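So the structure is just underneath, and the comments pick up after that.
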Amino acid sequence: MRLSVRLDLFTRGNVSIEDIDVHQYVYSLWAHLLGMMNKETAKSKVMLLSDGEFEAEVLKSDVPVLVDFYADWCGPCHAITPTIEALSNEFEGKIKFVKVDVDANQGVASRYEVMSIPTVMLFENGKVEDSIVGAYPATVYKQHIERALTRRS
């Protein structure tokens, strides 16, 4: 089922009306109404990256990097945002946390074959060492992070 409505009220303009279905619309509306569309909060330690910043911030990082591939219209992506932000505070200085909007940064998403979102990848020494596709409880992400830190020791 396709909806014919003005989506620019609920999205960042990256989605055309032909490309959105009723589920995406509901997720976008839900996220907008809950105020979750803000990409960055003052307390967040999660950096937002573009294609151009990815190499310097992720591939050349001295510490492991958790990359959260997301989209504004993705409900499960919004669901894991508080978890990722909490983990960024817990592991501050040990792991770098970044987010990449797959709609706005298709080059990076394509290079790492991100086919479903949310996708969380852990990079170490410029290479993907771990990957999680889908929304999971905080304990799952924490286990993967701790495994990465164990490999570094």
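FYI, nothing fancy with the structure tokens labels: chains A, B, ... in order, residues from 1 per chain, ligands from 1 as they appear.
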
Report task. Name the residues of region 94-134 of chain A that come out as strand (DSSP E) in a backbone DSSP run; write them as a PyMOL selection string. Result -> chain A and resi 96-101+119-124+127-133

Would you export the selected residues with C-alpha atoms as a PDB file, in the first residue's frame, please?
ATOM      1  CA  LYS A  96      34.805   5.187  19.218  1.00  0.00           C
ATOM      2  CA  PHE A  97      31.090   5.290  18.336  1.00  0.00           C
ATOM      3  CA  VAL A  98      29.866   6.695  15.025  1.00  0.00           C
ATOM      4  CA  LYS A  99      26.652   6.713  13.008  1.00  0.00           C
ATOM      5  CA  VAL A 100      26.343   6.697   9.227  1.00  0.00           C
ATOM      6  CA  ASP A 101      23.045   7.595   7.533  1.00  0.00           C
ATOM      7  CA  THR A 119      23.617  -2.802  10.864  1.00  0.00           C
ATOM      8  CA  VAL A 120      26.317  -2.323  13.462  1.00  0.00           C
ATOM      9  CA  MET A 121      29.917  -3.070  12.474  1.00  0.00           C
ATOM     10  CA  LEU A 122      32.997  -3.106  14.655  1.00  0.00           C
ATOM     11  CA  PHE A 123      36.153  -1.942  12.882  1.00  0.00           C
ATOM     12  CA  GLU A 124      39.626  -2.674  14.183  1.00  0.00           C
ATOM     13  CA  LYS A 127      38.946  -3.725   8.913  1.00  0.00           C
ATOM     14  CA  VAL A 128      35.501  -5.052   9.790  1.00  0.00           C
ATOM     15  CA  GLU A 129      36.023  -7.544  12.607  1.00  0.00           C
ATOM     16  CA  ASP A 130      32.402  -8.043  13.670  1.00  0.00           C
ATOM     17  CA  SER A 131      28.916  -7.285  12.408  1.00  0.00           C
ATOM     18  CA  ILE A 132      25.401  -7.320  13.866  1.00  0.00           C
ATOM     19  CA  VAL A 133      22.362  -6.972  11.610  1.00  0.00           C
TER      20      VAL A 133
END

Please provide the set of residues having any atom within 10 Å of Leu59 (chain A), restricted to only C-alpha atoms, with same-chain residues fewer than 3 positions apart removed, written as a CSV table (one decimal) with N, CA and C atoms, in the first residue's frame.
chain,number,residue,atom,x,y,z
A,53,GLU,N,34.3,11.6,5.7
A,53,GLU,CA,34.9,11.5,7.0
A,53,GLU,C,35.2,10.1,7.4
A,54,PHE,N,34.7,9.1,6.7
A,54,PHE,CA,34.7,7.8,7.2
A,54,PHE,C,36.2,7.2,7.3
A,55,GLU,N,37.0,7.5,6.3
A,55,GLU,CA,38.3,7.0,6.3
A,55,GLU,C,39.1,7.5,7.5
A,56,ALA,N,39.1,8.8,7.7
A,56,ALA,CA,39.9,9.4,8.8
A,56,ALA,C,39.4,8.9,10.1
A,62,ASP,N,42.9,4.8,15.9
A,62,ASP,CA,43.8,4.0,16.8
A,62,ASP,C,43.0,3.1,17.8
A,63,VAL,N,41.7,3.3,17.9
A,63,VAL,CA,40.9,2.5,18.8
A,63,VAL,C,39.8,1.8,17.9
A,64,PRO,N,39.3,0.7,18.4
A,64,PRO,CA,38.2,0.1,17.7
A,64,PRO,C,37.0,1.1,17.5
A,65,VAL,N,36.3,0.9,16.4
A,65,VAL,CA,35.2,1.8,16.1
A,65,VAL,C,33.9,1.0,15.9
A,123,PHE,N,34.9,-2.0,13.7
A,123,PHE,CA,36.2,-1.9,12.9
A,123,PHE,C,37.3,-1.9,13.8
A,124,GLU,N,38.4,-2.7,13.5
A,124,GLU,CA,39.6,-2.7,14.2
A,124,GLU,C,40.7,-2.6,13.2
A,125,ASN,N,41.7,-1.7,13.3
A,125,ASN,CA,42.8,-1.5,12.4
A,125,ASN,C,42.3,-1.4,11.0
A,126,GLY,N,41.2,-0.7,10.8
A,126,GLY,CA,40.7,-0.4,9.4
A,126,GLY,C,40.0,-1.5,8.8
A,127,LYS,N,39.7,-2.6,9.5
A,127,LYS,CA,38.9,-3.7,8.9
A,127,LYS,C,37.7,-4.1,9.8
A,128,VAL,N,36.7,-4.6,9.1
A,128,VAL,CA,35.5,-5.1,9.8
A,128,VAL,C,35.9,-6.4,10.5

Spatial neighbours of Val140 (chain A), max dist 12 Å, only C-alpha atoms, sep filter under 4 positions, as a CSV table (one decimal) with N, CA and C atoms, in the first residue's frame:
chain,number,residue,atom,x,y,z
A,80,ILE,N,17.3,1.3,18.8
A,80,ILE,CA,18.6,1.0,19.3
A,80,ILE,C,19.4,2.3,19.7
A,83,THR,N,20.4,2.7,23.3
A,83,THR,CA,21.4,1.7,23.7
A,83,THR,C,22.8,2.1,23.2
A,84,ILE,N,22.9,2.5,21.9
A,84,ILE,CA,24.2,2.9,21.4
A,84,ILE,C,24.8,4.1,22.2
A,87,LEU,N,26.0,2.9,25.6
A,87,LEU,CA,27.3,2.2,25.4
A,87,LEU,C,28.4,3.2,25.1
A,120,VAL,N,25.3,-2.8,12.6
A,120,VAL,CA,26.3,-2.3,13.5
A,120,VAL,C,27.6,-3.1,13.1
A,131,SER,N,30.1,-7.9,13.0
A,131,SER,CA,28.9,-7.3,12.4
A,131,SER,C,27.6,-7.8,13.1
A,132,ILE,N,26.7,-6.9,13.3
A,132,ILE,CA,25.4,-7.3,13.9
A,132,ILE,C,24.3,-6.7,13.0
A,133,VAL,N,23.4,-7.5,12.4
A,133,VAL,CA,22.4,-7.0,11.6
A,133,VAL,C,21.1,-7.1,12.4
A,134,GLY,N,20.3,-6.0,12.6
A,134,GLY,CA,19.1,-6.0,13.3
A,134,GLY,C,19.2,-5.3,14.6
A,135,ALA,N,18.0,-5.2,15.3
A,135,ALA,CA,18.0,-4.6,16.6
A,135,ALA,C,18.0,-5.6,17.7
A,136,TYR,N,18.9,-5.5,18.6
A,136,TYR,CA,19.1,-6.4,19.7
A,136,TYR,C,19.1,-5.7,21.0
A,144,HIS,N,29.8,-8.0,22.0
A,144,HIS,CA,30.6,-7.8,20.9
A,144,HIS,C,31.7,-6.8,21.1
A,145,ILE,N,31.3,-5.7,21.8
A,145,ILE,CA,32.3,-4.7,22.2
A,145,ILE,C,33.4,-5.3,23.1
A,146,GLU,N,33.0,-6.0,24.1
A,146,GLU,CA,33.9,-6.6,25.0
A,146,GLU,C,34.8,-7.6,24.3
A,147,ARG,N,34.3,-8.3,23.4
A,147,ARG,CA,35.1,-9.2,22.6
A,147,ARG,C,36.2,-8.5,21.8

Query raised in the report: Restricting the calculation to only C-alpha atoms, which member of A:Asp103, A:Tyr70, A:Ile95, A:Gln143 is positioned closest to Val58 (chain A)?
Result: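 So, comparing all the options, the nearest one is A:Ile95.
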
Query - Contact residues around Asn105 (chain A) with only C-alpha atoms at 9 Å, ignoring same-chain residues under 2 positions, as number ranges by chain - result: A: 49-52, 100-103, 107-110

Among region 41-83 of chain A, which residues carry a DSSP assignment of alpha helix (DSSP H), reported as a PDB file with N, CA and C atoms, in the first residue's frame?
ATOM      1  N   ASP A  51      30.390  10.219   4.091  1.00  0.00           N
ATOM      2  CA  ASP A  51      31.310   9.408   3.284  1.00  0.00           C
ATOM      3  C   ASP A  51      32.737   9.946   3.363  1.00  0.00           C
ATOM      4  N   GLY A  52      32.870  11.257   3.302  1.00  0.00           N
ATOM      5  CA  GLY A  52      34.191  11.879   3.267  1.00  0.00           C
ATOM      6  C   GLY A  52      34.969  11.777   4.574  1.00  0.00           C
ATOM      7  N   GLU A  53      34.282  11.626   5.673  1.00  0.00           N
ATOM      8  CA  GLU A  53      34.939  11.550   6.982  1.00  0.00           C
ATOM      9  C   GLU A  53      35.246  10.119   7.410  1.00  0.00           C
ATOM     10  N   PHE A  54      34.676   9.148   6.720  1.00  0.00           N
ATOM     11  CA  PHE A  54      34.735   7.755   7.152  1.00  0.00           C
ATOM     12  C   PHE A  54      36.167   7.227   7.261  1.00  0.00           C
ATOM     13  N   GLY A  75      12.446   2.508  12.015  1.00  0.00           N
ATOM     14  CA  GLY A  75      11.993   2.362  13.403  1.00  0.00           C
ATOM     15  C   GLY A  75      12.963   1.603  14.283  1.00  0.00           C
ATOM     16  N   PRO A  76      13.418   0.408  13.859  1.00  0.00           N
ATOM     17  CA  PRO A  76      14.384  -0.322  14.688  1.00  0.00           C
ATOM     18  C   PRO A  76      15.684   0.454  14.906  1.00  0.00           C
ATOM     19  N   CYS A  77      16.080   1.275  13.932  1.00  0.00           N
ATOM     20  CA  CYS A  77      17.278   2.105  14.106  1.00  0.00           C
ATOM     21  C   CYS A  77      17.078   3.076  15.265  1.00  0.00           C
ATOM     22  N   HIS A  78      15.906   3.677  15.325  1.00  0.00           N
ATOM     23  CA  HIS A  78      15.600   4.592  16.425  1.00  0.00           C
ATOM     24  C   HIS A  78      15.503   3.848  17.746  1.00  0.00           C
ATOM     25  N   ALA A  79      15.053   2.605  17.688  1.00  0.00           N
ATOM     26  CA  ALA A  79      14.908   1.811  18.907  1.00  0.00           C
ATOM     27  C   ALA A  79      16.261   1.522  19.557  1.00  0.00           C
ATOM     28  N   ILE A  80      17.316   1.342  18.754  1.00  0.00           N
ATOM     29  CA  ILE A  80      18.625   1.028  19.342  1.00  0.00           C
ATOM     30  C   ILE A  80      19.444   2.271  19.669  1.00  0.00           C
ATOM     31  N   THR A  81      19.002   3.437  19.250  1.00  0.00           N
ATOM     32  CA  THR A  81      19.760   4.669  19.488  1.00  0.00           C
ATOM     33  C   THR A  81      20.081   4.893  20.965  1.00  0.00           C
ATOM     34  N   PRO A  82      19.111   4.759  21.885  1.00  0.00           N
ATOM     35  CA  PRO A  82      19.458   4.957  23.299  1.00  0.00           C
ATOM     36  C   PRO A  82      20.497   3.942  23.793  1.00  0.00           C
ATOM     37  N   THR A  83      20.441   2.721  23.284  1.00  0.00           N
ATOM     38  CA  THR A  83      21.411   1.690  23.661  1.00  0.00           C
ATOM     39  C   THR A  83      22.802   2.080  23.195  1.00  0.00           C
TER      40      THR A  83
END

Report task. Quick one: pull the distance between CA of Tyr141 (chain A) and CA of Arg111 (chain A), Å, one decimal. Result ->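 Between these atoms lies a distance of 22.6 Å.
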
Query - Interatomic distance, CA of Gln106 (chain A) to CA of Pro118 (chain A) (Å, one decimal) - result: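 Rounded to one decimal, the two atoms are 14.4 Å apart.
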